[in-house]
Amino acid sequence: MRVSVITHGCKMNQYESELIIEMLENAGYVVLYGEDQGAEVYILNSCAVTGEAERKVRQAVRHLRKLNPDAKIILTGCYVQVPRAIEEYSSLGVDLVLGNLEKKRILNFINEVGGYFNSRYWEEDDISFEIVENSVTERSRAFVKVEDGCNNGCTYCVIRSLRGTRIRSKPIEVVVKEIEKLVSKRHKEIVITGLNLGKYGVDLGVNLAELLQKIASIEGDFRIRLSSINPEDLTDELIKVITQEERICNHLHIPAQSGSTSVLRRMGRNYSAEYFIERVNKLRQIDPFFSITTDIMVGFPGETEEEFKETLDFVRTIQFSKVHTFRYSQRPNTPAARFENQVPGNVKKDRAEILIKHADNVANEYRKQLVGKTTVVLVEGVQNGIAYGYDEYYLFHEINTGIIGEFSKVKICSVTNEGVVSKVVQKQASNE
């Protein structure tokens, strides 16, 4: 049977989709990618972080049904955890609905027709789904999920109710074993991911800093990147490990959500704008170019023009290398959906456009500072004679030459709208 796996959303979903692919291949299925018209089954791993994300899921299902009317469509992921009637899925053209827990049992359900299978509980010490036994792609970058669950109380977020509030961490020895296998299969960049990564180990009596030290001691030619971490979890101990371990990339994605402390309080975030700035300054005391990417929401209920201006000033102060801007959308069963002073849609749209332009200018200023600097790029592809990939700062490089799947030491020559142009100084540079 030919099965195509399509992924929407975060790195957690990407990781879990790769595990689904591995299970399918091990069971003898032919795995296709994307909207392949030859597929007999489509598995759509969905996202529900915003209203727009949900809209894209519905659009994708309708498109697949039109593209291949005879194929079976299995819908899984966070979208299906949002309370709604089974009739809604049927009207979309979905044949089978599987909750997040059922992903790991997908082989048991793939031949089912109709129905909604969704366990509303999390099993104790259940990590069997999260252990990679084989390399599942030819890519040089691999994602390793080490934690699930979120116990934060953000007033706008629906994800904690979709993936569970209990922190569930993978033991250090299990993570090390998994990464050793990936490194032996020539994965050169290991991305450590989790729903609330900074809370790793609270259920095991360990912490993220300890895990990273163990990973960094693994032999092989690879580097480590963290997917995302909240500001309040960026402890002095963790900063010390990140900046002292040469394998760990000098880049962090730290979701700010807003640059206004008053907005952050209404959001239920556990830090102030000033604390965020202090943590970044501590990182940049070690490396002035330490790269910070972030997510910022505009139009949160009650956001004033002055609070929005505070966010614009905050973006310039931090000098983010990239900002993902999105508009607040009301999510079901969240406190913020009931807040007064909801911001009109046209105001949210205008603020998003202003922030995107402002953040692009700031990111361009950041990149210009790195012209002349030498960095290490993991070459991921070659197109029209130009190699491309990302460096330790998560800057996108266009390079004059390179070997796919290998590290190249490069010198940054100029900037583009999306990244930088660089020249190879040393091919096949080692990251050992």
# chains A, B, ... in the order shown; residues from 1 in each chain; ligands from 1
>>> select_by_dssp(residues="range 153-227 of chain A", states="strand (DSSP E or B)", output="VMD selection string")
chain A and resid 168 to 169 189 to 194 223 to 226
>>> closest_atom_pairs(of="range 292-379 of chain A", to="range 226-248 of chain A", cutoff="12 Å", atoms="only C-alpha atoms", output="JSON lines")
{"residue": "A:Ile292", "atom": "CA", "partner": "A:Ser228", "partner_atom": "CA", "distance": 10.3}
{"residue": "A:Thr293", "atom": "CA", "partner": "A:Ser228", "partner_atom": "CA", "distance": 9.2}
{"residue": "A:Thr294", "atom": "CA", "partner": "A:Ser228", "partner_atom": "CA", "distance": 8.8}
{"residue": "A:Asp295", "atom": "CA", "partner": "A:Ser228", "partner_atom": "CA", "distance": 10.2}
{"residue": "A:Val376", "atom": "CA", "partner": "A:Arg247", "partner_atom": "CA", "distance": 11.4}
>>> write_last_selection(atoms="C-alpha atoms", output="short mmCIF file (atom, residue, chain, number, x, y, z; two decimals), in the first residue's frame")
data_model
loop_
_atom_site.label_atom_id
_atom_site.label_comp_id
_atom_site.auth_asym_id
_atom_site.auth_seq_id
_atom_site.Cartn_x
_atom_site.Cartn_y
_atom_site.Cartn_z
CA ILE A 292 17.99 35.01 18.97
CA THR A 293 14.86 34.20 16.98
CA THR A 294 11.38 34.63 18.41
CA ASP A 295 7.59 34.60 18.03
CA VAL A 376 30.38 26.75 9.91
#
>>> closest_residue(among="A:Arg316, A:Pro288, A:Lys348, A:Val206", to="Thr304 in chain A", atoms="only C-alpha atoms")
A:Lys348
>>> residues_around(residues="Arg55 in chain A", least_positions_apart="6", cutoff="12 Å", atoms="only C-alpha atoms", output="PyMOL selection string")
chain A and resi 8+46-49+61-62+79+92+329
>>> write_last_selection(atoms="N, CA and C atoms", output="CSV table (one decimal), in the first residue's frame")
chain,number,residue,atom,x,y,z
A,8,HIS,N,1.8,19.4,9.2
A,8,HIS,CA,1.6,20.9,9.5
A,8,HIS,C,2.2,21.2,10.8
A,46,SER,N,-1.8,17.3,11.9
A,46,SER,CA,-2.3,18.6,11.8
A,46,SER,C,-1.8,19.5,13.0
A,47,CYS,N,-2.1,20.8,12.9
A,47,CYS,CA,-1.8,21.8,13.8
A,47,CYS,C,-3.0,22.6,14.2
A,48,ALA,N,-3.1,23.1,15.4
A,48,ALA,CA,-4.2,23.9,15.9
A,48,ALA,C,-3.8,25.1,16.7
A,49,VAL,N,-2.6,25.6,16.5
A,49,VAL,CA,-2.0,26.7,17.4
A,49,VAL,C,-2.8,28.0,17.2
A,61,VAL,N,-7.3,19.2,3.6
A,61,VAL,CA,-8.2,18.0,3.5
A,61,VAL,C,-9.1,18.1,2.3
A,62,ARG,N,-9.7,19.2,2.1
A,62,ARG,CA,-10.5,19.4,0.9
A,62,ARG,C,-9.7,19.3,-0.4
A,79,TYR,N,-5.2,19.3,15.7
A,79,TYR,CA,-6.5,19.8,15.2
A,79,TYR,C,-7.6,18.9,15.7
A,92,LEU,N,-15.7,17.2,6.0
A,92,LEU,CA,-14.5,17.6,5.3
A,92,LEU,C,-14.0,16.5,4.3
A,329,SER,N,-5.5,35.2,17.7
A,329,SER,CA,-6.8,34.6,17.3
A,329,SER,C,-7.4,33.9,18.5
>>> residues_around(residues="Ile354 in chain A", least_positions_apart="5", cutoff="12 Å", atoms="only C-alpha atoms", output="PyMOL selection string")
chain A and resi 298+308-309+311-312+325-327+347-349+359-361
>>> select_by_dssp(residues="range 115-356 of chain A", states="alpha helix (DSSP H)", output="JSON, numbers by chain")
{"A": [159, 160, 161, 162, 163, 172, 173, 174, 175, 176, 177, 178, 179, 180, 181, 182, 183, 184, 208, 209, 210, 211, 212, 213, 214, 215, 216, 236, 237, 238, 239, 240, 241, 242, 243, 244, 261, 262, 263, 264, 265, 266, 267, 273, 274, 275, 276, 277, 278, 279, 280, 281, 282, 283, 284, 285, 286, 305, 306, 307, 308, 309, 310, 311, 312, 313, 314, 315, 316, 317, 318, 345, 346, 347, 348, 349, 350, 351, 352, 353, 354, 355, 356]}
>>> residues_around(residues="range 30-42 of chain A", least_positions_apart="5", cutoff="8 Å", atoms="only C-alpha atoms", output="count of residues only")
17
>>> residues_around(residues="range 147-163 of chain A", least_positions_apart="2", cutoff="7 Å", atoms="only C-alpha atoms", output="list in words")
Val49, Cys78, Gln81, Val82, Lys145, Thr165, Arg166, Ile167, Arg168, Ser169, Lys170, Gly194, Leu195, Asn196, Leu197, Tyr200, Met267, Gly268, Arg269, Arg331, Thr334, Pro335 and Ala336 of chain A
>>> closest_residue(among="A:Ala27, A:Val371, A:Ile386, A:Leu378", to="Lys411 in chain A", atoms="only C-alpha atoms")
A:Val371
>>> residues_around(residues="Ala216 in chain A", least_positions_apart="2", cutoff="12 Å", atoms="only C-alpha atoms", output="ChimeraX atom specification")
/A:175-176,179-180,183,189-190,192,209-214,218-225,241-242,244-249,431-432
>>> write_last_selection(atoms="C-alpha atoms", output="PDB file, in the first residue's frame")
ATOM      1  CA  VAL A 175      18.102  10.158  24.565  1.00  0.00           C
ATOM      2  CA  VAL A 176      21.832   9.418  24.386  1.00  0.00           C
ATOM      3  CA  ILE A 179      21.356  10.291  19.281  1.00  0.00           C
ATOM      4  CA  GLU A 180      24.260   7.845  19.056  1.00  0.00           C
ATOM      5  CA  VAL A 183      25.095  10.243  14.561  1.00  0.00           C
ATOM      6  CA  GLU A 189      22.774  18.354  13.306  1.00  0.00           C
ATOM      7  CA  ILE A 190      20.648  17.103  16.185  1.00  0.00           C
ATOM      8  CA  ILE A 192      16.517  18.807  20.665  1.00  0.00           C
ATOM      9  CA  ALA A 209      21.619  21.452  31.292  1.00  0.00           C
ATOM     10  CA  GLU A 210      22.544  17.947  32.484  1.00  0.00           C
ATOM     11  CA  LEU A 211      21.005  16.389  29.377  1.00  0.00           C
ATOM     12  CA  LEU A 212      22.924  18.712  27.050  1.00  0.00           C
ATOM     13  CA  GLN A 213      26.226  17.943  28.762  1.00  0.00           C
ATOM     14  CA  LYS A 214      25.637  14.219  28.242  1.00  0.00           C
ATOM     15  CA  ILE A 218      28.842  11.716  22.521  1.00  0.00           C
ATOM     16  CA  GLU A 219      31.605  10.935  20.033  1.00  0.00           C
ATOM     17  CA  GLY A 220      31.127  11.868  16.396  1.00  0.00           C
ATOM     18  CA  ASP A 221      30.990  14.743  13.939  1.00  0.00           C
ATOM     19  CA  PHE A 222      27.762  16.572  14.786  1.00  0.00           C
ATOM     20  CA  ARG A 223      26.377  19.672  16.427  1.00  0.00           C
ATOM     21  CA  ILE A 224      23.412  20.350  18.719  1.00  0.00           C
ATOM     22  CA  ARG A 225      20.615  22.891  18.332  1.00  0.00           C
ATOM     23  CA  VAL A 241      26.409  24.929  29.280  1.00  0.00           C
ATOM     24  CA  ILE A 242      25.117  26.408  26.013  1.00  0.00           C
ATOM     25  CA  GLN A 244      30.763  26.624  26.896  1.00  0.00           C
ATOM     26  CA  GLU A 245      29.949  23.448  24.971  1.00  0.00           C
ATOM     27  CA  GLU A 246      31.349  23.958  21.469  1.00  0.00           C
ATOM     28  CA  ARG A 247      28.921  21.460  19.935  1.00  0.00           C
ATOM     29  CA  ILE A 248      25.898  23.570  20.916  1.00  0.00           C
ATOM     30  CA  CYS A 249      24.890  26.198  18.353  1.00  0.00           C
ATOM     31  CA  ASN A 431      32.501  19.717  14.366  1.00  0.00           C
ATOM     32  CA  GLU A 432      34.126  17.118  16.629  1.00  0.00           C
TER      33      GLU A 432
END
